[in-house]
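K.L.:
First the structure, then my questions, so here it is.
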Amino acid sequence: MQPPNTLTRSWQPQGTVYGTLLNFRREWDLWSPRMTQDPYKAAPKAPVLYFKTANTFSTAGQDLVLQDGVTEVDIGATLGLVIGDGGQVVAAALLCDWSVPHTSYYRPPVKSRCRDAYLALPEQVTPCAGVEPWENLTIDIRRNGEQVQTVQLAELVRPMSQLLADVAEFMSLQPGDVLMVGTDCLADGTRPRAKAGDRIEITAPDFCPVSVHVGAAP
């Protein structure tokens with residue numbers, strides 16, 4: 001598989017998109033006291049993954065329309081690793097993994113994460129062989145021009161190379177798949193939120209930004 005062309009417009013994943021939970025140190029530490037409680041009674045030993053279904057894919061320039069009584073959404077800025085032949089990373093992209101605010105991260109409800117247009121995509125991906133250039137990447141999130149969060153990939157519980165290796169222990173990533181490295185929380189355990197009328201911008205050096213206007217259903 002050749003690295004994706006950075007001039008390609010309106011990029012969309014060509015395979016399955018996986019998200020990773022509890023992969024930032026702050027959130028892991030906040031949840032640690034509860035990890036020994038029912039139903040699991042221990043901290044997870046493998047990466048905790050979930051799917052973003054194809055209906056969530058929202059190409060660059062598409063609004064996020066809040067529907068069915070949803071008045072606000074969590075902003076989930078993350079980096080998606082694009083997989084090529086042999087499970088190797090051939091590119092990456094900034095993404096916004098929207099979700100309806102909820103309290104459970106052990107079994108993320110489909111109705112909170114897999115609504116229409118709940119994965120905001122950039123116009124382009126950034127090709128690269130491997131993940132090393134992005135290990136200390138900083139992602140900035142702005143709401144209506146005001147910075148509301150900074151995500152440091154140096155704070156990952158499983159750095160990207162380890163995450164890929166640990167996932168490979170129990171499943172094979174296929175060419176075209178995308179593995180999101182996780183989303184970070186704020187100091188109080190919540191994520192920054194957006195409501196109708198907000199403009200969200202996600203940026204990082206050398207990456208195509210994600211910019212989304214949030215609207216309400218008529």
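By convention in this document, the chains of the structure tokens carry letters A, B, ... by their order, each chain's residues are numbered from 1, and ligands are numbered from 1 in the order they are shown.
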A:Asp188: which residues within 10 Å, counting only C-alpha atoms, same-chain residues fewer than 2 positions away excluded, as a PyMOL selection string?
P.N.:
chain A and resi 26-27+30+185-186+190-191
K.L.:
For stretch 132-143 of chain A, list every protein, DNA or RNA residue within 9 Å, evaluated using only C-alpha atoms, and leave out those in the same chain fewer than 2 positions away; present the list as a PyMOL selection string.
P.N.:
chain A and resi 75+77-79+94+128-130+145-155+159-161+192-194+198-205
K.L.:
Output the selection as a short mmCIF file (atom, residue, chain, number, x, y, z; two decimals), in the first residue's frame - C-alpha atoms for each residue.
P.N.:
data_model
loop_
_atom_site.label_atom_id
_atom_site.label_comp_id
_atom_site.auth_asym_id
_atom_site.auth_seq_id
_atom_site.Cartn_x
_atom_site.Cartn_y
_atom_site.Cartn_z
CA ILE A 75 -14.81 17.23 22.09
CA ALA A 77 -9.30 15.58 19.80
CA THR A 78 -7.04 12.71 18.85
CA LEU A 79 -4.51 11.38 16.36
CA LEU A 94 -6.03 14.76 13.34
CA CYS A 128 5.08 9.00 7.31
CA ALA A 129 6.89 5.73 7.84
CA GLY A 130 6.39 4.88 11.50
CA GLY A 145 -11.20 31.03 18.99
CA GLU A 146 -10.48 30.37 22.68
CA GLN A 147 -8.09 27.58 23.60
CA VAL A 148 -9.91 25.07 25.83
CA GLN A 149 -7.47 22.13 25.89
CA THR A 150 -3.96 21.07 24.96
CA VAL A 151 -3.35 17.36 24.40
CA GLN A 152 0.19 16.06 24.85
CA LEU A 153 0.88 12.68 23.26
CA ALA A 154 3.84 12.33 25.62
CA GLU A 155 1.18 11.63 28.28
CA PRO A 159 2.93 5.24 23.59
CA MET A 160 1.99 4.73 19.97
CA SER A 161 4.53 2.02 19.21
CA PRO A 192 -14.35 20.22 26.83
CA ARG A 193 -17.82 20.47 25.33
CA ALA A 194 -19.46 22.10 22.34
CA ASP A 198 -19.82 26.76 18.44
CA ARG A 199 -16.90 26.52 16.03
CA ILE A 200 -14.30 23.92 17.05
CA GLU A 201 -10.77 23.93 15.65
CA ILE A 202 -8.18 21.22 16.26
CA THR A 203 -4.59 21.91 15.19
CA ALA A 204 -1.12 20.43 15.47
CA PRO A 205 2.18 21.23 13.72
#
K.L.:
To one decimal in Å, tell me the separation between atom CA of A:Pro122 and atom CA of A:Cys208.
P.N.:
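Going from atom CA of A:Pro122 over to atom CA of A:Cys208 covers 6.1 Å.
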K.L.:
Check stretch 33-95 of chain A with DSSP on the backbone and list each residue it calls strand (DSSP E), as a list of chain:residue names.
P.N.:
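Here are the strand (DSSP E) residues of stretch 33-95 of chain A: A:Val48, A:Leu49, A:Tyr50, A:Phe51, A:Lys52, A:Phe57, A:Ser58, A:Leu64, A:Val65, A:Leu66, A:Glu72, A:Val73, A:Asp74, A:Ala77, A:Thr78, A:Leu79, A:Gly80, A:Leu81, A:Val82, A:Ile83, A:Val89, A:Val90, A:Ala91, A:Ala92, A:Ala93, A:Leu94, A:Leu95.
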K.L.:
For a quick check of understanding, using only C-alpha atoms, which of A:Ala60, A:Ala117, A:Gly182, A:Val157 has the smallest distance to A:Pro209?
P.N.:
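Between A:Ala60, A:Ala117, A:Gly182, A:Val157, the residue approaching A:Pro209 most closely is A:Ala60.
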K.L.:
For A:Val89, find every residue with an atom within 9 Å (counting only C-alpha atoms), except residues of its own chain fewer than 2 positions away, and show them as a list in words.
P.N.:
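My list of contacting residues is Leu81, Val82, Ile83, Gly84, Asp85, Gly86, Gly87, Ala91, Ala92, Pro127, Cys128, Ala129, Gly130 and Val131 of chain A.
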